[in-house]
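Asker: Have a look at the structure that comes next, please.
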Amino acid sequence: MPELRKDPIVGRWVIISVERSRRPKNIARTKQNSPEPGCLLCLDNSSSLLSEKGILSGLSQSAHDVQWQACSLPDTNPALRMENPPERKGKGVFDTIRGVGTHEIIVEDPERCGNIAHLTEEQIGKVLACFVDRVKKMEGDPRSKYVLIYKDYEPHSKKLCFSQLIAMPVAPKRIREKLIGARNYFQLHERCIFCDIIKQETREQKRIVAENDQFIALVPFASRFPFEILILPKQHSHDIAVLGGNAQASAAAIIKNILLKFEQGLGDPSYSMIFYFSPYIEKKAGHWKTIEEDYHVHIEIIPRLTNIAGFEWGAGFFICPIAPEDAALYLRETEVCRG
């Protein structure tokens, strides 16, 4: 029978309806995109941009040094711009804020096109270091309330490996739902909801896909999409600094492992990977008084194997055709070849 499950963090319900799909290994693959004609970020062009704009991440010695491995560049067609201070306006029931913010491209490797899973763990660790560097450097800007880093991957793309960073003057709705859910749980239990999820999942061992000394990857209990992955640091931290030092290597290892399982077990699907860091938010009026204790940095990886249709848009319910326990078992048993 189908089952309704409630996300313990944001309170959103999903429908797990396994009758609507085949077994995990037979789930439909995403449509393959035709190869793209070229990439503005590839070695020659990106080196030119580095010379013109300068390296923002500090991970390379020279703008003319083609040995750099990860850097950030201004997006040539940004969604938000930093030229002016934010200006909030209201007209009746409608509110607007000037489109102030930062939009950057984080180039993950200058010479490889395609899947970040094919980079070494050391290279992925340097990409994470670049994320940390950029988010930390934006922390003092009063125009930035939240920084979202995400990666959209398409198989057989000729574009260079890159992620995107957008700094916004407001915290997005999805982020606020997570923050509010974490705070409400902490007020009731005086514990972090994410830490409690780690403890229960470790005890039950039903939805864990992979883990190492510092990170755990699992299929969420109330998954919105088949083979959705949640990656959590085992040590509690609301701050991006959790990805510093040895943690970057552990995070890189588990990300590479999951993405190779996607490639070799799911037929190399398109996916989105989102990094959820703590917002730049002042602890005033007691609004975010416990954020250091109740929030927990995390990563979501969502393979795009199904389409969102009218029911999802209309009801706000997601229908997941694969039981999270079955998805976790399938991925857990998928042995990856790293050659």
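Ligands are numbered from 1 in the order shown, chains are lettered A, B, ... in the order of the structure tokens, and residues start at 1 in each chain.
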Within 10 Å of Glu121 of chain A, counting only C-alpha atoms, which residues qualify if same-chain residues fewer than 5 places away don't, as a list in words?
Answerer: Ile116, Lys126, Val127, Gln248, Ala249, Ser250, Ala251, Ala252, Ala253, Ile254, Ile255, Lys256 and Asn257 of chain A
Asker: Pull the closest atom pair for each residue of segment 106-216 of chain A that gets at most 12 Å from segment 288-311 of chain A, along with the distance in Å to one decimal, counting only C-alpha atoms, ordering rows by chain and then ascending residue number, as a tab-separated table.
Answerer:
residue	atom	partner	partner_atom	distance
A:Leu128	CA	A:Ile299	CA	11.7
A:Leu148	CA	A:Ile299	CA	11.1
A:Ile149	CA	A:Ile299	CA	9.9
A:Tyr150	CA	A:Glu300	CA	9.4
A:Lys151	CA	A:Ile301	CA	9.2
A:Asp152	CA	A:Ile302	CA	9.6
A:Tyr153	CA	A:Pro303	CA	9.2
A:Glu154	CA	A:Arg304	CA	9.7
A:Pro155	CA	A:Arg304	CA	11.3
A:Ile175	CA	A:Tyr295	CA	10.9
A:Arg176	CA	A:Trp288	CA	11.2
A:Glu177	CA	A:Tyr295	CA	11.6
A:Lys178	CA	A:Tyr295	CA	8.3
A:Leu179	CA	A:Tyr295	CA	6.7
A:Ile180	CA	A:Trp288	CA	9.2
A:Gly181	CA	A:Asp294	CA	9.3
A:Ala182	CA	A:Asp294	CA	5.6
A:Arg183	CA	A:Asp294	CA	5.7
A:Asn184	CA	A:Asp294	CA	8.8
A:Tyr185	CA	A:Asp294	CA	7.9
A:Phe186	CA	A:Asp294	CA	5.7
A:Gln187	CA	A:Asp294	CA	8.8
A:Leu188	CA	A:Asp294	CA	11.1
A:His189	CA	A:Asp294	CA	10.2
A:Glu190	CA	A:Asp294	CA	8.2
A:Arg191	CA	A:Asp294	CA	6.8
A:Cys192	CA	A:Asp294	CA	4.7
A:Ile193	CA	A:Asp294	CA	7.1
A:Phe194	CA	A:His296	CA	6.3
A:Cys195	CA	A:His296	CA	7.9
A:Asp196	CA	A:Asp294	CA	10.9
A:Ile197	CA	A:His296	CA	11.1
A:Ile198	CA	A:His296	CA	11.2
A:Phe215	CA	A:His298	CA	9.8
A:Ile216	CA	A:His298	CA	10.1
Asker: Excluding segment 316-318 of chain A and any residue of its chain fewer than 4 positions from it, enumerate the residues within 10 Å of it, using only C-alpha atoms, and give them as a PyMOL selection string.
Answerer: chain A and resi 4+12-16+222-225+308-312
Asker: Which neighbours of Gly265 of chain A fall inside 9 Å, counting only C-alpha atoms, when residues of the same chain fewer than 2 positions from it are skipped, and could you give them as a CSV table (one decimal) with N, CA and C atoms, in the first residue's frame?
Answerer:
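File part03.csv, as written:
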chain,number,residue,atom,x,y,z
A,25,LYS,N,16.6,-0.9,-9.9
A,25,LYS,CA,17.6,-1.0,-11.0
A,25,LYS,C,17.0,-0.7,-12.4
A,260,LEU,N,29.7,8.4,-8.1
A,260,LEU,CA,30.1,7.2,-8.9
A,260,LEU,C,29.0,6.1,-8.8
A,261,LYS,N,28.3,6.0,-7.7
A,261,LYS,CA,27.2,5.1,-7.6
A,261,LYS,C,26.0,5.5,-8.5
A,262,PHE,N,25.8,6.8,-8.6
A,262,PHE,CA,24.8,7.4,-9.5
A,262,PHE,C,25.2,7.0,-10.9
A,263,GLU,N,26.4,7.3,-11.3
A,263,GLU,CA,26.9,7.0,-12.6
A,263,GLU,C,26.8,5.6,-13.0
A,267,GLY,N,22.9,4.7,-14.3
A,267,GLY,CA,23.0,5.1,-15.7
A,267,GLY,C,23.4,6.5,-16.0
A,268,ASP,N,24.1,7.1,-15.0
A,268,ASP,CA,24.6,8.5,-15.2
A,268,ASP,C,23.5,9.5,-15.4
A,330,TYR,N,19.8,-0.6,-2.8
A,330,TYR,CA,20.3,-0.7,-4.1
A,330,TYR,C,21.6,0.1,-4.3
A,331,LEU,N,21.7,1.3,-3.8
A,331,LEU,CA,22.9,2.1,-3.9
A,331,LEU,C,24.0,1.5,-3.0
A,334,THR,N,25.6,-1.2,-4.8
A,334,THR,CA,26.3,-0.9,-6.0
A,334,THR,C,27.8,-0.7,-5.8
A,335,GLU,N,28.6,-1.6,-6.3
A,335,GLU,CA,30.0,-1.5,-6.2
A,335,GLU,C,30.6,-0.5,-7.3
A,336,VAL,N,31.4,0.4,-6.9
A,336,VAL,CA,31.9,1.4,-7.9
A,336,VAL,C,33.3,1.0,-8.3
Asker: Taking only C-alpha atoms into account, name the residue in A:Asp213, A:Glu201, A:Asp239, A:Asp133 that is nearest to Ala328 of chain A.
Answerer: A:Glu201
Asker: As an MDAnalysis selection string, please: every residue in segment 63-308 of chain A that DSSP puts in helix (DSSP H, G or I).
Answerer: chainID A and resid 116:118 121:137 173:189 193:204 240:243 246:265 291:294
Asker: Let me make sure I understand: among A:Val93, A:Ala247, A:Ala117, A:Val18, which one has the smallest atom-to-atom distance to Cys320 of chain A if we use only C-alpha atoms?
Answerer: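 Among A:Val93, A:Ala247, A:Ala117, A:Val18, it is A:Val18 that comes nearest to Cys320 of chain A.
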Asker: Could you check how far atom CA of Pro8 of chain A sits from atom CA of Leu230 of chain A, in Å to one decimal?
Answerer: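 Taking atom CA of Pro8 of chain A and atom CA of Leu230 of chain A, their separation equals 13.5 Å.
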Asker: Name the residues in contact with Ile166 of chain A at a cut-off of 6 Å, using only C-alpha atoms, excluding same-chain residues fewer than 4 positions from it; report them as a tab-separated table (two decimals) with N, CA and C atoms, in the first residue's frame.
Answerer:
chain	number	residue	atom	x	y	z
A	102	THR	N	25.27	38.46	-5.30
A	102	THR	CA	26.47	38.02	-6.01
A	102	THR	C	26.17	36.71	-6.73
A	103	HIS	N	26.65	36.60	-7.96
A	103	HIS	CA	26.50	35.37	-8.72
A	103	HIS	C	27.86	35.00	-9.28
A	147	VAL	N	23.99	32.58	1.37
A	147	VAL	CA	24.75	32.14	0.21
A	147	VAL	C	24.39	30.69	-0.10
A	148	LEU	N	23.91	30.47	-1.31
A	148	LEU	CA	23.55	29.12	-1.76
A	148	LEU	C	24.55	28.68	-2.82
Asker: From the list A:Ile240, A:Ile274, A:Leu259, A:Val209, which residue is nearest Ile124 of chain A when using only C-alpha atoms?
Answerer: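 Smallest distance to Ile124 of chain A is found for A:Leu259.
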Asker: So what do you get for atom CA of Gln200 of chain A versus atom CA of Arg174 of chain A, distance-wise?
Answerer: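 Between atom CA of Gln200 of chain A and atom CA of Arg174 of chain A the gap works out to 24.1 Å.
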Asker: Just asking: which residues within segment 86-243 of chain A are strand (DSSP E) according to DSSP, as a ChimeraX atom specification?
Answerer: /A:88-91,94-97,102-107,146-153,162-168,208-211,215-218,229-233
Asker: Counting only C-alpha atoms, figure out which residue out of A:Tyr276, A:Cys161, A:Glu87, A:Ile322 gets nearest to Ser237 of chain A.
Answerer: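 Nearest to Ser237 of chain A: A:Tyr276.
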